[in-house]
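File shown: query-v3.txt. Contents: compact mmCIF, C-alpha atoms (C1' of nucleotides).
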```txt
# COMPACT_ATOMS: atom_id res chain seq x y z
CA MET D 1 -7.45 -3.38 11.40
CA GLN D 2 -9.42 -0.43 10.19
CA ARG D 3 -7.41 2.00 8.17
CA LYS D 4 -7.88 5.68 8.65
CA SER D 5 -9.60 7.33 5.76
CA PHE D 6 -8.51 10.67 4.35
CA GLY D 7 -11.22 12.65 2.73
CA ASN D 8 -11.26 12.01 -0.98
CA LEU D 9 -9.62 8.70 -1.59
CA GLN D 10 -9.53 9.19 -5.30
CA CYS D 11 -6.62 11.52 -4.80
CA PRO D 12 -3.30 9.70 -5.12
CA ILE D 13 -1.76 11.98 -2.51
CA ALA D 14 -4.44 11.05 -0.04
CA ARG D 15 -3.92 7.40 -0.86
CA SER D 16 -0.23 7.76 -0.24
CA LEU D 17 -0.87 9.43 3.06
CA GLU D 18 -2.97 6.51 4.13
CA ARG D 19 0.21 4.47 4.21
CA VAL D 20 2.72 6.96 5.47
CA GLY D 21 0.54 9.58 7.11
CA GLU D 22 2.13 9.05 10.48
CA TRP D 23 5.48 10.60 10.88
CA TRP D 24 7.14 7.63 12.57
CA SER D 25 6.50 5.65 9.42
CA ILE D 26 8.45 8.10 7.35
CA LEU D 27 11.34 8.16 9.78
CA ILE D 28 11.43 4.38 9.84
CA LEU D 29 11.59 4.33 6.08
CA ARG D 30 14.34 6.89 6.18
CA ASP D 31 16.34 4.65 8.46
CA ALA D 32 15.59 1.64 6.31
CA PHE D 33 17.21 3.50 3.43
CA HIS D 34 20.19 4.05 5.66
CA GLY D 35 20.51 0.31 5.84
CA LEU D 36 18.87 -0.45 9.16
CA THR D 37 16.91 -3.67 9.23
CA ARG D 38 16.58 -4.88 12.80
CA PHE D 39 14.14 -3.96 15.48
CA ASP D 40 16.88 -2.99 17.81
CA GLU D 41 18.61 -0.78 15.29
CA PHE D 42 15.44 1.14 14.60
CA GLN D 43 14.72 1.53 18.25
CA LYS D 44 18.10 2.95 19.10
CA SER D 45 18.18 5.20 16.09
CA LEU D 46 14.71 6.61 16.55
CA ASP D 47 14.47 6.55 20.31
CA ILE D 48 10.96 5.21 19.94
CA ALA D 49 8.95 3.22 22.45
CA PRO D 50 9.10 -0.47 21.58
CA ASN D 51 5.37 -0.95 21.32
CA MET D 52 5.09 1.96 18.94
CA LEU D 53 7.87 0.54 16.85
CA THR D 54 6.05 -2.76 16.71
CA ARG D 55 2.87 -1.05 15.58
CA ARG D 56 4.49 1.06 12.91
CA LEU D 57 6.55 -1.82 11.60
CA GLN D 58 3.47 -3.97 11.38
CA ALA D 59 1.61 -1.25 9.52
CA LEU D 60 4.45 -0.86 7.08
CA VAL D 61 4.58 -4.60 6.52
CA GLU D 62 0.81 -4.67 6.00
CA SER D 63 1.07 -1.89 3.45
CA GLU D 64 3.87 -3.84 1.79
CA LEU D 65 6.44 -1.16 2.20
CA LEU D 66 8.58 -3.40 4.31
CA GLU D 67 8.98 -7.12 4.24
CA LYS D 68 9.54 -9.17 7.36
CA ARG D 69 12.18 -11.75 6.72
CA ARG D 70 13.51 -14.54 8.86
CA TYR D 71 17.23 -14.34 8.99
CA SER D 72 17.80 -16.95 11.66
CA GLU D 73 16.11 -20.26 12.35
CA HIS D 74 17.29 -20.99 15.86
CA PRO D 75 16.25 -18.86 17.47
CA PRO D 76 13.73 -17.47 14.97
CA ARG D 77 14.79 -13.96 14.10
CA TYR D 78 13.34 -11.49 11.69
CA ASP D 79 14.45 -8.34 10.05
CA TYR D 80 12.69 -5.74 7.97
CA VAL D 81 13.74 -4.88 4.47
CA LEU D 82 12.32 -2.51 1.92
CA THR D 83 10.10 -3.89 -0.79
CA GLU D 84 10.04 -2.38 -4.24
CA ARG D 85 7.10 -0.27 -3.16
CA GLY D 86 9.09 0.91 -0.21
CA ARG D 87 12.15 1.69 -2.29
CA ASP D 88 9.98 3.72 -4.63
CA PHE D 89 9.20 5.99 -1.73
CA ARG D 90 12.66 7.44 -1.79
CA PRO D 91 11.88 10.46 -3.97
CA VAL D 92 9.49 11.62 -1.30
CA LEU D 93 12.28 11.48 1.25
CA TRP D 94 14.61 13.31 -1.07
CA ALA D 95 12.04 16.00 -1.61
CA LEU D 96 11.54 16.35 2.13
CA LEU D 97 15.28 16.50 2.63
CA ALA D 98 15.76 19.18 0.02
CA TRP D 99 12.87 21.21 1.40
CA GLY D 100 14.11 20.91 4.95
CA ASN D 101 17.62 21.90 4.00
CA ARG D 102 16.39 24.90 2.10
CA HIS D 103 14.03 26.25 4.68
CA PHE D 104 14.84 24.89 8.09
CA ALA D 105 18.60 24.84 8.27
CA PRO D 106 19.66 28.42 8.89
CA GLU D 107 23.06 27.33 10.04
CA GLY D 108 23.59 25.18 6.96
CA PRO D 109 22.53 21.63 6.20
CA SER D 110 23.54 18.94 8.64
CA VAL D 111 22.64 16.14 6.27
CA VAL D 112 23.05 16.28 2.53
CA LEU D 113 22.75 13.93 -0.37
CA VAL D 114 26.00 13.02 -2.09
CA ASP D 115 27.13 11.21 -5.17
CA GLN D 116 29.19 8.35 -3.79
CA GLU D 117 31.53 8.24 -6.74
CA THR D 118 32.46 11.88 -6.87
CA GLY D 119 31.61 12.89 -3.33
CA ALA D 120 29.83 15.93 -4.66
CA GLU D 121 26.73 17.20 -3.03
CA VAL D 122 23.56 16.53 -4.90
CA VAL D 123 20.54 18.81 -4.95
CA PRO D 124 17.54 16.81 -6.00
CA VAL D 125 15.09 18.48 -8.34
CA MET D 126 11.98 17.25 -10.08
CA VAL D 127 11.80 16.98 -13.83
CA ASP D 128 9.39 15.62 -16.37
CA GLU D 129 10.61 12.15 -17.16
CA ARG D 130 9.85 12.49 -20.85
CA THR D 131 11.06 15.96 -21.68
CA GLY D 132 13.57 16.42 -18.90
CA ARG D 133 12.12 19.83 -18.21
CA ARG D 134 12.16 21.09 -14.65
CA LEU D 135 8.82 21.12 -12.93
CA GLU D 136 9.04 24.62 -11.63
CA SER D 137 7.03 26.98 -13.73
CA GLY D 138 3.30 27.44 -13.56
CA ARG D 139 3.22 25.25 -16.59
CA TYR D 140 2.14 22.08 -14.84
CA ARG D 141 -1.07 21.24 -13.12
CA SER D 142 -2.96 18.20 -11.99
CA ALA D 143 -5.83 16.92 -14.06
CA PRO D 144 -8.30 14.07 -13.91
CA GLY D 145 -6.82 10.82 -15.10
CA PRO D 146 -8.42 7.90 -16.88
CA ALA D 147 -9.88 6.42 -13.72
CA ALA D 148 -11.35 9.68 -12.39
CA ASP D 149 -14.90 9.64 -11.16
CA ALA D 150 -17.37 12.47 -11.67
CA ARG D 151 -16.49 14.21 -8.45
CA THR D 152 -12.80 14.16 -9.14
CA ARG D 153 -13.44 15.48 -12.62
CA ALA D 154 -15.46 18.35 -11.22
CA ARG D 155 -12.79 19.05 -8.64
CA HIS D 156 -10.07 19.26 -11.18
CA GLY D 157 -12.27 21.14 -13.57
CA GLY D 158 -12.01 19.09 -16.68
CA PRO D 159 -13.27 16.02 -18.51
CA PRO D 160 -10.91 13.07 -18.55
CA GLY D 161 -8.04 13.61 -20.91
CA ALA D 162 -9.04 17.16 -21.71
CA VAL D 163 -6.80 19.77 -20.22
CA VAL D 164 -8.65 22.82 -19.12
CA ALA D 165 -6.64 25.79 -18.01
CA THR D 166 -8.55 27.34 -15.18
CA GLU D 167 -8.17 31.00 -14.40
CA GLY D 168 -4.48 31.28 -15.14
CA ASP D 169 -3.42 30.52 -11.59
CA ASP D 170 -0.72 28.04 -10.91
CA ALA D 171 -1.62 24.54 -9.93
CA PRO D 172 0.51 21.51 -9.20
CA MET S 1 1.86 26.24 21.54
CA GLN S 2 4.41 23.53 22.06
CA ARG S 3 5.60 21.93 18.90
CA LYS S 4 5.99 18.21 18.74
CA SER S 5 9.55 17.06 18.57
CA PHE S 6 10.67 14.28 16.28
CA GLY S 7 13.61 12.35 17.49
CA ASN S 8 16.78 13.70 15.98
CA LEU S 9 16.14 17.24 14.96
CA GLN S 10 19.37 17.51 13.10
CA CYS S 11 17.81 15.50 10.33
CA PRO S 12 16.27 17.74 7.67
CA ILE S 13 13.55 15.19 7.06
CA ALA S 14 12.58 15.27 10.71
CA ARG S 15 12.60 19.03 10.61
CA SER S 16 10.31 19.02 7.63
CA LEU S 17 7.96 16.64 9.34
CA GLU S 18 7.70 19.00 12.25
CA ARG S 19 5.85 21.35 9.94
CA VAL S 20 3.83 18.98 7.83
CA GLY S 21 3.79 15.84 9.91
CA GLU S 22 0.04 15.83 10.20
CA TRP S 23 -1.78 14.62 7.18
CA TRP S 24 -4.37 17.40 7.13
CA SER S 25 -1.58 19.89 6.64
CA ILE S 26 -0.43 18.17 3.49
CA LEU S 27 -3.92 17.97 2.08
CA ILE S 28 -4.47 21.65 2.81
CA LEU S 29 -1.28 22.48 0.95
CA ARG S 30 -2.38 20.30 -1.91
CA ASP S 31 -5.61 22.27 -2.14
CA ALA S 32 -3.75 25.54 -1.87
CA PHE S 33 -1.82 24.53 -4.96
CA HIS S 34 -5.11 23.89 -6.64
CA GLY S 35 -5.86 27.54 -6.10
CA LEU S 36 -8.05 27.38 -3.01
CA THR S 37 -7.54 30.25 -0.60
CA ARG S 38 -10.63 30.70 1.53
CA PHE S 39 -11.68 28.94 4.68
CA ASP S 40 -14.89 27.84 3.14
CA GLU S 41 -13.27 26.41 0.05
CA PHE S 42 -10.92 24.32 2.12
CA GLN S 43 -13.69 23.11 4.32
CA LYS S 44 -15.87 21.96 1.48
CA SER S 45 -13.03 20.40 -0.41
CA LEU S 46 -11.60 18.53 2.53
CA ASP S 47 -14.75 17.79 4.46
CA ILE S 48 -12.90 18.73 7.62
CA ALA S 49 -14.35 19.91 10.91
CA PRO S 50 -14.12 23.70 11.10
CA ASN S 51 -12.19 23.79 14.33
CA MET S 52 -9.63 21.39 12.91
CA LEU S 53 -9.30 23.51 9.83
CA THR S 54 -8.71 26.55 12.02
CA ARG S 55 -6.02 24.72 13.95
CA ARG S 56 -4.22 23.42 10.91
CA LEU S 57 -4.38 26.73 9.09
CA GLN S 58 -2.97 28.48 12.11
CA ALA S 59 -0.15 25.99 12.33
CA LEU S 60 0.67 26.44 8.67
CA VAL S 61 0.65 30.21 9.06
CA GLU S 62 2.88 29.92 12.10
CA SER S 63 5.32 27.78 10.16
CA GLU S 64 5.18 30.34 7.38
CA LEU S 65 3.92 27.97 4.77
CA LEU S 66 0.77 29.99 4.33
CA GLU S 67 0.19 33.67 4.73
CA LYS S 68 -3.04 35.06 6.08
CA ARG S 69 -4.05 38.07 4.06
CA ARG S 70 -6.93 40.47 4.42
CA TYR S 71 -8.78 40.71 1.19
CA SER S 72 -11.72 42.74 2.45
CA GLU S 73 -11.94 45.59 4.92
CA HIS S 74 -15.65 45.72 5.61
CA PRO S 75 -16.30 43.18 6.77
CA PRO S 76 -12.75 42.06 7.58
CA ARG S 77 -12.04 38.96 5.55
CA TYR S 78 -8.93 36.91 5.21
CA ASP S 79 -7.64 34.33 2.85
CA TYR S 80 -4.67 32.02 2.91
CA VAL S 81 -2.02 32.04 0.24
CA LEU S 82 1.14 30.07 -0.18
CA THR S 83 4.40 31.68 0.80
CA GLU S 84 7.60 30.91 -1.01
CA ARG S 85 8.34 28.30 1.59
CA GLY S 86 4.94 26.78 0.95
CA ARG S 87 5.39 26.82 -2.80
CA ASP S 88 8.70 25.07 -2.40
CA PHE S 89 6.85 22.17 -0.86
CA ARG S 90 5.44 21.24 -4.21
CA PRO S 91 8.06 18.63 -5.12
CA VAL S 92 7.02 16.66 -2.06
CA LEU S 93 3.44 16.61 -3.30
CA TRP S 94 4.57 15.59 -6.75
CA ALA S 95 6.59 12.78 -5.30
CA LEU S 96 3.63 11.60 -3.25
CA LEU S 97 1.39 11.81 -6.30
CA ALA S 98 3.76 9.80 -8.44
CA TRP S 99 4.20 7.20 -5.74
CA GLY S 100 0.48 6.92 -5.13
CA ASN S 101 -0.27 6.57 -8.82
CA ARG S 102 2.33 3.91 -9.22
CA HIS S 103 1.41 1.77 -6.27
CA PHE S 104 -2.11 2.51 -5.14
CA ALA S 105 -4.10 2.95 -8.31
CA PRO S 106 -4.70 -0.54 -9.67
CA GLU S 107 -7.50 0.70 -11.87
CA GLY S 108 -5.35 3.47 -13.30
CA PRO S 109 -4.60 6.94 -12.00
CA SER S 110 -7.52 9.21 -11.23
CA VAL S 111 -5.37 12.29 -10.99
CA VAL S 112 -2.30 12.93 -13.08
CA LEU S 113 0.09 15.76 -13.66
CA VAL S 114 -0.08 17.37 -17.09
CA ASP S 115 1.83 19.89 -19.10
CA GLN S 116 -0.67 22.64 -19.71
CA GLU S 117 0.77 23.60 -23.05
CA THR S 118 0.89 20.20 -24.64
CA GLY S 119 -1.68 18.41 -22.56
CA ALA S 120 0.71 15.53 -22.17
CA GLU S 121 0.90 13.60 -18.97
CA VAL S 122 3.96 14.23 -16.91
CA VAL S 123 5.72 11.68 -14.76
CA PRO S 124 7.85 13.49 -12.23
CA VAL S 125 11.26 12.04 -11.50
CA MET S 126 14.11 13.22 -9.36
CA VAL S 127 17.43 14.20 -10.87
CA ASP S 128 20.64 15.72 -9.65
CA GLU S 129 20.32 19.41 -10.39
CA ARG S 130 23.93 19.73 -11.43
CA THR S 131 24.49 16.65 -13.56
CA GLY S 132 20.93 15.97 -14.59
CA ARG S 133 21.42 12.33 -13.69
CA ARG S 134 18.48 10.41 -12.37
CA LEU S 135 18.58 9.65 -8.69
CA GLU S 136 17.75 6.01 -8.98
CA SER S 137 20.77 3.84 -8.62
CA GLY S 138 22.46 2.98 -5.40
CA ARG S 139 24.89 5.65 -6.30
CA TYR S 140 23.54 8.27 -3.96
CA ARG S 141 23.48 8.37 -0.23
CA SER S 142 23.03 10.87 2.52
CA ALA S 143 26.05 12.16 4.33
CA PRO S 144 26.81 14.57 7.12
CA GLY S 145 26.75 18.17 5.96
CA PRO S 146 28.72 21.18 7.08
CA ALA S 147 26.52 21.81 10.09
CA ALA S 148 26.48 18.22 11.29
CA ASP S 149 27.19 17.55 14.93
CA ALA S 150 29.19 14.60 16.17
CA ARG S 151 26.18 12.38 16.61
CA THR S 152 24.91 13.02 13.14
CA ARG S 153 28.33 12.32 11.74
CA ALA S 154 28.46 9.02 13.55
CA ARG S 155 24.96 8.16 12.44
CA HIS S 156 25.68 8.67 8.80
CA GLY S 157 28.88 6.79 9.16
CA GLY S 158 30.75 9.20 6.99
CA PRO S 159 33.87 7.36 5.94
CA PRO S 160 36.94 9.00 7.42
CA GLY S 161 38.05 11.77 5.14
CA ALA S 162 34.73 11.64 3.41
CA VAL S 163 34.07 14.59 1.22
CA VAL S 164 31.57 16.83 2.79
CA ALA S 165 30.60 19.02 -0.07
CA THR S 166 29.43 22.50 0.65
CA GLU S 167 28.10 24.74 -2.04
CA GLY S 168 31.50 26.12 -2.93
CA ASP S 169 33.36 22.88 -2.54
CA ASP S 170 32.69 20.59 -5.43
CA ALA S 171 36.11 20.26 -6.89
CA PRO S 172 36.59 16.66 -8.04
C1' DC I 1 -19.63 33.72 4.91
C1' DA I 2 -15.79 32.93 8.11
C1' DG I 3 -14.90 31.42 11.56
C1' DT I 4 -15.02 30.55 17.41
C1' DA I 5 -16.44 27.82 21.46
C1' DT I 6 -17.40 23.41 23.70
C1' DC I 7 -17.55 18.78 24.35
C1' DC I 8 -16.28 14.26 23.28
C1' DT I 9 -13.82 10.22 21.36
C1' DG I 10 -10.15 7.67 19.34
C1' DT I 11 -5.52 6.70 19.17
C1' DC I 12 -0.92 8.06 18.83
C1' DC I 13 2.63 7.73 21.69
C1' DG I 14 5.53 7.19 25.89
C1' DA I 15 6.88 4.55 30.14
C1' DT I 16 7.41 0.48 32.19
C1' DA I 17 7.43 -4.33 33.04
C1' DC I 18 7.95 -8.77 31.33
C1' DT I 19 9.20 -13.03 28.16
C1' DG I 20 11.47 -16.75 25.03
C1' DC T 1 18.03 -9.77 21.34
C1' DA T 2 13.43 -9.05 19.72
C1' DG T 3 9.87 -8.19 20.88
C1' DT T 4 4.68 -8.44 23.84
C1' DA T 5 1.54 -6.60 27.53
C1' DT T 6 -0.44 -3.03 30.07
C1' DC T 7 -1.31 1.53 31.73
C1' DG T 8 -1.99 6.35 31.16
C1' DG T 9 -1.63 11.07 29.12
C1' DA T 10 -1.82 14.29 25.45
C1' DC T 11 -3.84 15.71 21.49
C1' DA T 12 -5.50 15.04 16.81
C1' DG T 13 -9.74 14.95 15.03
C1' DG T 14 -15.10 14.88 14.95
C1' DA T 15 -19.79 16.82 16.08
C1' DT T 16 -22.40 20.49 17.20
C1' DA T 17 -23.83 25.02 18.46
C1' DC T 18 -23.18 29.71 18.06
C1' DT T 19 -21.60 34.59 16.43
C1' DG T 20 -20.52 39.03 13.63
```
Will you turn the file into structure tokens for me?
Amino acid sequence: MQRKSFGNLQCPIARSLERVGEWWSILILRDAFHGLTRFDEFQKSLDIAPNMLTRRLQALVESELLEKRRYSEHPPRYDYVLTERGRDFRPVLWALLAWGNRHFAPEGPSVVLVDQETGAEVVPVMVDERTGRRLESGRYRSAPGPAADARTRARHGGPPGAVVATEGDDAP
Amino acid sequence: MQRKSFGNLQCPIARSLERVGEWWSILILRDAFHGLTRFDEFQKSLDIAPNMLTRRLQALVESELLEKRRYSEHPPRYDYVLTERGRDFRPVLWALLAWGNRHFAPEGPSVVLVDQETGAEVVPVMVDERTGRRLESGRYRSAPGPAADARTRARHGGPPGAVVATEGDDAP
DNA sequence: CAGTATCCTGTCCGATACTG
DNA sequence: CAGTATCGGACAGGATACTG
């Protein structure tokens, strides 16, 4: 099965999109985080055509975001559970949720994230793991990493390891 | 231009995907954060067909993620800059970057996020804005928000009497 | 340089029917 | 219940040519 290729595959964002670039995939993962595991549950929740669900589930299993597990011997029955790689995708969903709530919910959010113990609403924000600082200012930018090739280095305007501040504009 | 509809549009994630559900859109935004603004820059960076670039740029302008601005009168020339809504999308890109680096860069990351002042690599993580706690445990879940309809409430199985925290309602 | 105009292909996706 | 098989449409996306 030939995988679609997204421009510069050195870019980790492009690599991520190879696996979840189709929107059904993301919604399936969302539902998996909600605890759904069975074909039928996904189908009802998403209102997706069964053949499409099969395709997307297979792709997610191939990419090792979901694992197909037999939960019954007679008859043979399978369900789909998140792998570690799949569970690690959650921050992306949180970020999408926060963004959607901020910009596309004029009448207020219909789905929020809550702390189960206190019941309080949670607003997810990104911080630097080491310093705890919020990633909001123009202070942060992307740079070539250790495995960058020449083209990536040129693109990000710096030799590996060296941080080069380019024309004072903000970059991710 | 009829917009594609994604299942349950109450879900903020689905709403977000309406705007950035196509992978070119996300890569264009990524490049916009790198400081690209002109048609030509995007085209060279992405290696995208010009008509596709036109279509995706128009869609992003329509969704108000990018703003088309005239930067020259004679001849008339336009460039594309991020709006506030577009800039707010950055956490999603960071999350995708972190996920890609963790799971799809066996030979090490080729692009990393750095603190421009210290040059140190940054690993973005999600925290609760209010408590600063990391969103990692099974402690957090999504729940129906103030604007949830009956179906959404059922879907998220809010326990009866569940606290639905609004911004002013976080009394423990 | 900054696009527009055509044409074409692949495939995402939906609808439906069918099976162990 | 958990899918597979088949058909068809819409459109994302590519290639190319052309314009002010």
Contacts between chain S and chain D, please, where a residue of chain D counts if it comes within 6 Å (with all atoms listed in the file); show its shortest atom pair and distance in Å to one decimal, rows by chain and ascending number, as JSON lines.
```
{"residue": "D:Gly7", "atom": "CA", "partner": "S:Leu46", "partner_atom": "CA", "distance": 5.9}
{"residue": "D:Pro12", "atom": "CA", "partner": "S:Gly100", "partner_atom": "CA", "distance": 4.7}
{"residue": "D:Ile13", "atom": "CA", "partner": "S:Leu97", "partner_atom": "CA", "distance": 4.9}
{"residue": "D:Ser16", "atom": "CA", "partner": "S:Gly100", "partner_atom": "CA", "distance": 5.0}
{"residue": "D:Gly21", "atom": "CA", "partner": "S:Trp23", "partner_atom": "CA", "distance": 5.5}
{"residue": "D:Trp23", "atom": "CA", "partner": "S:Gly21", "partner_atom": "CA", "distance": 5.6}
{"residue": "D:Leu46", "atom": "CA", "partner": "S:Gly7", "partner_atom": "CA", "distance": 5.9}
{"residue": "D:Pro91", "atom": "CA", "partner": "S:Ala95", "partner_atom": "CA", "distance": 5.9}
{"residue": "D:Val92", "atom": "CA", "partner": "S:Ala95", "partner_atom": "CA", "distance": 5.1}
{"residue": "D:Ala95", "atom": "CA", "partner": "S:Val92", "partner_atom": "CA", "distance": 5.1}
{"residue": "D:Leu96", "atom": "CA", "partner": "S:Ile13", "partner_atom": "CA", "distance": 5.4}
{"residue": "D:Leu97", "atom": "CA", "partner": "S:Ile13", "partner_atom": "CA", "distance": 4.9}
{"residue": "D:Gly100", "atom": "CA", "partner": "S:Pro12", "partner_atom": "CA", "distance": 4.7}
{"residue": "D:Asn101", "atom": "CA", "partner": "S:Pro12", "partner_atom": "CA", "distance": 5.7}
{"residue": "D:Gly108", "atom": "CA", "partner": "S:Ala147", "partner_atom": "CA", "distance": 5.5}
{"residue": "D:Pro109", "atom": "CA", "partner": "S:Gly145", "partner_atom": "CA", "distance": 5.5}
{"residue": "D:Ser110", "atom": "CA", "partner": "S:Ala148", "partner_atom": "CA", "distance": 4.0}
{"residue": "D:Val111", "atom": "CA", "partner": "S:Pro144", "partner_atom": "CA", "distance": 4.5}
{"residue": "D:Val112", "atom": "CA", "partner": "S:Gly145", "partner_atom": "CA", "distance": 5.4}
{"residue": "D:Leu113", "atom": "CA", "partner": "S:Ser142", "partner_atom": "CA", "distance": 4.2}
{"residue": "D:Val114", "atom": "CA", "partner": "S:Arg141", "partner_atom": "CA", "distance": 5.6}
{"residue": "D:Asp115", "atom": "CA", "partner": "S:Tyr140", "partner_atom": "CA", "distance": 4.8}
{"residue": "D:Gln116", "atom": "CA", "partner": "S:Tyr140", "partner_atom": "CA", "distance": 5.7}
{"residue": "D:Gly119", "atom": "CA", "partner": "S:Val163", "partner_atom": "CA", "distance": 5.4}
{"residue": "D:Ala120", "atom": "CA", "partner": "S:Asp170", "partner_atom": "CA", "distance": 5.5}
{"residue": "D:Glu121", "atom": "CA", "partner": "S:Ala165", "partner_atom": "CA", "distance": 5.2}
{"residue": "D:Val122", "atom": "CA", "partner": "S:Asp128", "partner_atom": "CA", "distance": 5.6}
{"residue": "D:Val123", "atom": "CA", "partner": "S:Glu129", "partner_atom": "CA", "distance": 5.5}
{"residue": "D:Pro124", "atom": "CA", "partner": "S:Asp128", "partner_atom": "CA", "distance": 4.9}
{"residue": "D:Val125", "atom": "CA", "partner": "S:Met126", "partner_atom": "CA", "distance": 5.4}
{"residue": "D:Met126", "atom": "CA", "partner": "S:Met126", "partner_atom": "CA", "distance": 4.6}
{"residue": "D:Val127", "atom": "CA", "partner": "S:Val125", "partner_atom": "CA", "distance": 5.5}
{"residue": "D:Asp128", "atom": "CA", "partner": "S:Pro124", "partner_atom": "CA", "distance": 4.9}
{"residue": "D:Glu129", "atom": "CA", "partner": "S:Val123", "partner_atom": "CA", "distance": 5.5}
{"residue": "D:Arg139", "atom": "CA", "partner": "S:Gln116", "partner_atom": "CA", "distance": 5.6}
{"residue": "D:Tyr140", "atom": "CA", "partner": "S:Asp115", "partner_atom": "CA", "distance": 4.8}
{"residue": "D:Arg141", "atom": "CA", "partner": "S:Leu113", "partner_atom": "CA", "distance": 5.6}
{"residue": "D:Ser142", "atom": "CA", "partner": "S:Leu113", "partner_atom": "CA", "distance": 4.2}
{"residue": "D:Ala143", "atom": "CA", "partner": "S:Val112", "partner_atom": "CA", "distance": 5.4}
{"residue": "D:Pro144", "atom": "CA", "partner": "S:Val111", "partner_atom": "CA", "distance": 4.5}
{"residue": "D:Gly145", "atom": "CA", "partner": "S:Ser110", "partner_atom": "CA", "distance": 4.2}
{"residue": "D:Pro146", "atom": "CA", "partner": "S:Ser110", "partner_atom": "CA", "distance": 5.9}
{"residue": "D:Ala147", "atom": "CA", "partner": "S:Ser110", "partner_atom": "CA", "distance": 4.4}
{"residue": "D:Ala148", "atom": "CA", "partner": "S:Ser110", "partner_atom": "CA", "distance": 4.0}
{"residue": "D:Val163", "atom": "CA", "partner": "S:Gly119", "partner_atom": "CA", "distance": 5.8}
{"residue": "D:Ala171", "atom": "CA", "partner": "S:His34", "partner_atom": "CA", "distance": 4.8}
{"residue": "D:Pro172", "atom": "CA", "partner": "S:Phe33", "partner_atom": "CA", "distance": 5.7}
```
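One finds CA of Ser25 in chain S at 6.1 Å from CA of Arg56 in chain S.
Overlay of chain S onto chain D (least squares, all Cα atoms, paired in order); RMSD 4.9 Å.
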Could you list, as a PDB file with C-alpha atoms (C1' of nucleotides), keeping the file's coordinate frame, every residue of chain T that has an atom within 12 Å of an atom of chain D, counting all atoms listed in the file?
```
ATOM      1  C1'  DC T   1      18.030  -9.770  21.340  1.00  0.00           C
ATOM      2  C1'  DA T   2      13.430  -9.050  19.720  1.00  0.00           C
ATOM      3  C1'  DG T   3       9.870  -8.190  20.880  1.00  0.00           C
ATOM      4  C1'  DT T   4       4.680  -8.440  23.840  1.00  0.00           C
ATOM      5  C1'  DA T   5       1.540  -6.600  27.530  1.00  0.00           C
ATOM      6  C1'  DT T   6      -0.440  -3.030  30.070  1.00  0.00           C
ATOM      7  C1'  DA T  12      -5.500  15.040  16.810  1.00  0.00           C
ATOM      8  C1'  DG T  13      -9.740  14.950  15.030  1.00  0.00           C
TER       9       DG T  13
END
```
**Study point:** For DC7 in chain I: contacts at 12 Å, all atoms listed in the file, fewer than 3 positions along chain excluded, given as a list in words
**Key:**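 Selected residues are DG14, DA15, DT16 and DA17 of chain T.
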**Study point:** Contact set, chain I to chain S: 8 Å, all atoms listed in the file, as a list of chain:residue names
**Key:**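 Every residue of chain I that passes the 8 Å test is in I:DC1, I:DA2, I:DG3, I:DT4.
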Output for the residues just chosen: C-alpha atoms (C1' of nucleotides) as a short mmCIF file (atom, residue, chain, number, x, y, z; two decimals), keeping the file's coordinate frame:
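Wrote result07.cif, looks like this:
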```
data_model
loop_
_atom_site.label_atom_id
_atom_site.label_comp_id
_atom_site.auth_asym_id
_atom_site.auth_seq_id
_atom_site.Cartn_x
_atom_site.Cartn_y
_atom_site.Cartn_z
"C1'" DC I 1 -19.63 33.72 4.91
"C1'" DA I 2 -15.79 32.93 8.11
"C1'" DG I 3 -14.90 31.42 11.56
"C1'" DT I 4 -15.02 30.55 17.41
#
```
Point to revise | Contacts of DG9 in chain T within 12 Å, all atoms listed in the file, excl. fewer than 3 positions in-chain, as number ranges by chain | key: I: 11-15
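Pairwise distance (C1' of DC8 in chain I, CA of Lys44 in chain S) equals 23.1 Å.
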Exercise for review: May I ask for the distance between CA of Val81 in chain D and CA of Leu66 in chain D, given in Å to one decimal place?
Suggested key: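 Atom-to-atom, CA of Val81 in chain D to CA of Leu66 in chain D, that is 5.4 Å.
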